[in-house]
Amino acid sequence: MRAAGTPMSSVADVARVAARGEAGAPALGVRALSLDHPGGRRALDAVDIAVCRGERVAIIGPSGAGKTSLLRILAVAQRPSEGALEVLGADPWALGAPARRALRRRVGLIHQAPPLPPRQRVVTAVLAGRLGAWSLARSLVSLAYPLDLAGARAALARLDLAERLFDRCDRLSGGQAQRVGIARVLYQRPEVILADEPVSSLDPALANHAVGVLVSEAIERHITLVASLHAVDLALAHFPRIIGLRDGKVLFDLPTERIEDTMLEALYAQEGFAPTQHGRALELSAQRLRGMAQ
Amino acid sequence: MTAVGLAAARDPAALPRLGLAALALLLLWPGLRITEFNPAVLVDPGNAATMGRFLSQFVPPALAPDFLLLVARATIETLAIATLGTALAFIIAFPLSLMTSQSLSLSAIGPSRDAALRRALRYPWRLILIVLRAIPELVWALLFVRAVGLGPTAGVLALAITYGGMLGKVYAEIYESGSNRPARALMEGGAGRLQAYLYGLLPAALPELVSYTIYRWECAVRASVIMGFVGAGGLGQQLELSMRMLNGAEASTILITFLLLVLLADGLSALFRRMLA
């Protein structure tokens with residue numbers, strides 16, 4: 001574990017820490033990574049990022065910057081067009097199918113729109129997080145009678161949803177469904193949590209709480225957390241390292257202390273309108289925002 | 001708004017729709033010619049008299065106790081053929097539907113390098129489904145009557161094969177018609193195909209699967225009647241005897257029994273759907 005208050009963030013820093021030994025062993029790495037969508041549009045363009053085990057990183061940037069694509073690639077859900085990818089010490093697409101499946105269960109992806117079947121009960125949706133670790137027989141039995149009620153309830157309780165355990169997923173509000181999606185990945189207990197706009201449907205107070213839960217999970221279990229966030233204030237308040245992504249390129253990759261207002265302005269500039277946050281115009285003051293959630 | 005702006009605001013799908021409608025009408029015309037469709041022959045005096053005499057016997061239906069007993073026994077046989085045939089069809093269809101469905105493809109995630117190969121490997125299973133349902137159950141029944149002799153066994157086997165093909169195809173289509181995001185997300189998290197099916201696809205697909213299977217059972221009841229005409233047992237065999245002897249009263253009793261069976265199937269389907277809702 002690295003000491004608090006010594007952010008190691010730029011690629012050079014990461015390399016230095018990695019050389020020092022186990023604490024900084026790389027969890028995720030991409031080099032010269034590009035992704036072309038079938039239509040020919042380039043979603044990611046020569047991206048270089050290295051994330052050490054136990055590190056917490058926020059990805060910010062305007063809509064369409066490639067945040068979701070990057071997270072899906074790191075989650076082994078999307079194969080990059082070019083470049084090198086390393087997830088927990090392996091190149092996922094060089095592995096055989098069974099090994100790739102084994103790797104996938106060590107990585108948890110929180111989707112912006114939670115992929116919950118509408119007629120399923122919340123308890124089943126949360127327990128589904130650990131399917132990768134369960135045998136088929138256990139999965140079948142648990143479908144008839146939920147085998148780990150306590151575990152599902154505990155995961156939901158962290159997001160104040162324990163009382164919705166036996167409700168159907170289509171009875172949940174958008175924000176509740178999003179929190180069930182987070183609870184599922186907490187229950188999965190992966191070594192890497194990737195979160196794609198995990199709090200986009202939550203009100204500011206709940207969003208702050210939910211990001212806090214993810215961060216404390218990462219700290220307690222010494223696991224890696226990479227989250228893309230629309231809310232710049234949350235990113236600056238909760239994460240020691242920020243990556244700014246724009247047009248598929250890394251604009252900056254710095255410790256939070258070194259983020260300047262001008263960088264944020266450049267990141268969100270030329271969109272035709274001022275960036276907003278929770279409905280009001282966003283004041284891109286890194287100094288002010290950093291203090292907000294603390 | 002300028003004229004150019006207005007022109008661009010026209011629904012671009014309108015023209016293709018109009019074209020498709022015209023094409024459908026154009027295709028119906030040769031159909032009418034080829035089938036020599038002419039309702040006038042029904043009111044031809046000679047034909048009308050024969051029909052009228054037969055139909056006039058329909059009221060009252062035959063209610064003699066020993067005939068009713070015969071109909072009851074044939075009804076039970078028909079239900080047994082339909083139920084067993086559909087159950088065997090399900091056993092054939094279920095694994096084939098999983099094999100052919102694109103929604104449960106692990107290689108489509110990424111997509112991995114062998115995705116095209118995997119896709120091609122699914123095709124032979126699809127071909128099996130096509131072969132199974134391409135030959136009508138009546139033809140299978142004729143074949144099996146030759147092979148296993150007159151009686152319900154031939155009907156059960158014929159239904160199992162044809163309906164296996166139909167159920168398998170429609171099951172796979174039901175999986176693909178809904179959102180495959182839940183199942184896909186589970187596979188991306190390391191779940192296997194069957195696990196993803198159980199936890200990601202089945203919840204949304206179940207009501208449709210149940211209602212389609214019950215509808216197919218209803219069709220099987222009707223099909224077993226038709227197969228009865230070629231000697232595959234059940235109510236159809238009785239109906240064929242009564243029709244051949246132009247006994248309208250007996251035919252009427254049997255047709256009323258059909259009606260009740262279809263009503264029963266309809267009620268069952270509604271009941272299951274309500275239980276699942």
# chains A, B, ... in the order shown; residues from 1 in each chain; ligands from 1
call {"tool": "select_by_dssp", "arguments": {"residues": "region 48-245 of chain B", "states": "alpha helix (DSSP H)", "output": "ChimeraX atom specification"}}
result
/B:48-56,65-100,115-134,137-148,152-177,181-188,193-196,202-228,235-244
call {"tool": "interface_residues", "arguments": {"of": "chain B", "to": "chain A", "cutoff": "6 Å", "atoms": "only C-alpha atoms", "output": "VMD selection string"}}
result
chain B and resid 109 to 110 181 to 182 188 to 191 203
call {"tool": "write_last_selection", "arguments": {"atoms": "N, CA and C atoms", "output": "PDB file, in the first residue's frame"}}
result
ATOM      1  N   ILE B 109     -18.869 -11.332 -27.432  1.00  0.00           N
ATOM      2  CA  ILE B 109     -18.344 -10.305 -26.533  1.00  0.00           C
ATOM      3  C   ILE B 109     -16.936  -9.973 -26.986  1.00  0.00           C
ATOM      4  N   GLY B 110     -16.707  -8.745 -27.259  1.00  0.00           N
ATOM      5  CA  GLY B 110     -15.388  -8.317 -27.744  1.00  0.00           C
ATOM      6  C   GLY B 110     -15.462  -7.678 -29.116  1.00  0.00           C
ATOM      7  N   ARG B 181     -29.073  -7.381 -23.016  1.00  0.00           N
ATOM      8  CA  ARG B 181     -28.086  -6.703 -22.156  1.00  0.00           C
ATOM      9  C   ARG B 181     -27.884  -7.407 -20.817  1.00  0.00           C
ATOM     10  N   PRO B 182     -28.981  -7.806 -20.124  1.00  0.00           N
ATOM     11  CA  PRO B 182     -28.754  -8.464 -18.821  1.00  0.00           C
ATOM     12  C   PRO B 182     -27.895  -9.723 -18.950  1.00  0.00           C
ATOM     13  N   GLU B 188     -20.175 -10.992 -19.323  1.00  0.00           N
ATOM     14  CA  GLU B 188     -19.008 -10.103 -19.214  1.00  0.00           C
ATOM     15  C   GLU B 188     -18.427 -10.130 -17.805  1.00  0.00           C
ATOM     16  N   GLY B 189     -19.246 -10.566 -16.839  1.00  0.00           N
ATOM     17  CA  GLY B 189     -18.761 -10.678 -15.468  1.00  0.00           C
ATOM     18  C   GLY B 189     -18.309 -12.085 -15.124  1.00  0.00           C
ATOM     19  N   GLY B 190     -18.149 -12.940 -16.141  1.00  0.00           N
ATOM     20  CA  GLY B 190     -17.574 -14.259 -15.909  1.00  0.00           C
ATOM     21  C   GLY B 190     -18.590 -15.377 -15.787  1.00  0.00           C
ATOM     22  N   ALA B 191     -19.892 -15.096 -15.961  1.00  0.00           N
ATOM     23  CA  ALA B 191     -20.893 -16.159 -15.882  1.00  0.00           C
ATOM     24  C   ALA B 191     -20.856 -17.003 -17.150  1.00  0.00           C
ATOM     25  N   PRO B 203     -35.877 -14.480 -17.085  1.00  0.00           N
ATOM     26  CA  PRO B 203     -36.902 -13.688 -16.394  1.00  0.00           C
ATOM     27  C   PRO B 203     -37.804 -12.931 -17.365  1.00  0.00           C
TER      28      PRO B 203
END
call {"tool": "residues_around", "arguments": {"residues": "Leu234 (chain A)", "least_positions_apart": "4", "cutoff": "8 Å", "atoms": "only C-alpha atoms", "output": "list in words"}}
result
Asn208, Val211, Leu229, His238 and Ala293 of chain A
call {"tool": "write_last_selection", "arguments": {"atoms": "N, CA and C atoms", "output": "mmCIF file, in the first residue's frame"}}
result
data_model
loop_
_atom_site.group_PDB
_atom_site.id
_atom_site.type_symbol
_atom_site.label_atom_id
_atom_site.label_comp_id
_atom_site.auth_asym_id
_atom_site.auth_seq_id
_atom_site.Cartn_x
_atom_site.Cartn_y
_atom_site.Cartn_z
ATOM 1 N N ASN A 208 -22.923 11.371 -3.842
ATOM 2 C CA ASN A 208 -21.733 11.521 -3.004
ATOM 3 C C ASN A 208 -21.574 10.296 -2.099
ATOM 4 N N VAL A 211 -20.550 7.100 -4.279
ATOM 5 C CA VAL A 211 -19.134 7.131 -4.664
ATOM 6 C C VAL A 211 -18.272 6.862 -3.438
ATOM 7 N N LEU A 229 -16.925 9.740 -14.393
ATOM 8 C CA LEU A 229 -17.910 10.575 -13.698
ATOM 9 C C LEU A 229 -18.203 11.823 -14.512
ATOM 10 N N HIS A 238 -13.178 12.754 -4.342
ATOM 11 C CA HIS A 238 -13.011 11.380 -3.876
ATOM 12 C C HIS A 238 -11.784 10.659 -4.428
ATOM 13 N N ALA A 293 -16.641 17.985 -0.979
ATOM 14 C CA ALA A 293 -17.209 16.768 -0.369
ATOM 15 C C ALA A 293 -16.426 16.320 0.845
#
call {"tool": "atom_distance", "arguments": {"atom1": "CA of Leu63 (chain B)", "atom2": "CA of Thr253 (chain B)"}}
result
7.5 Å
call {"tool": "closest_residue", "arguments": {"among": "A:Ile193, A:Leu85, A:Val57, A:Leu70", "to": "Ala237 (chain A)", "atoms": "only C-alpha atoms"}}
result
A:Val57
call {"tool": "atom_distance", "arguments": {"atom1": "CA of Phe58 (chain B)", "atom2": "CA of Thr257 (chain B)"}}
result
13.4 Å
call {"tool": "atom_distance", "arguments": {"atom1": "CA of Ala231 (chain A)", "atom2": "CA of Glu197 (chain A)"}}
result
8.9 Å
call {"tool": "select_by_dssp", "arguments": {"residues": "region 89-272 of chain A", "states": "strand (DSSP E or B)", "output": "VMD selection string"}}
result
chain A and resid 90 107 to 110 121 168 192 to 196 224 to 228 241 to 246 249 to 255
call {"tool": "residues_around", "arguments": {"residues": "Gly234 (chain B)", "least_positions_apart": "2", "cutoff": "7 Å", "atoms": "only C-alpha atoms", "output": "PyMOL selection string"}}
result
chain B and resi 74-75+77-78+152+225+228+236-237
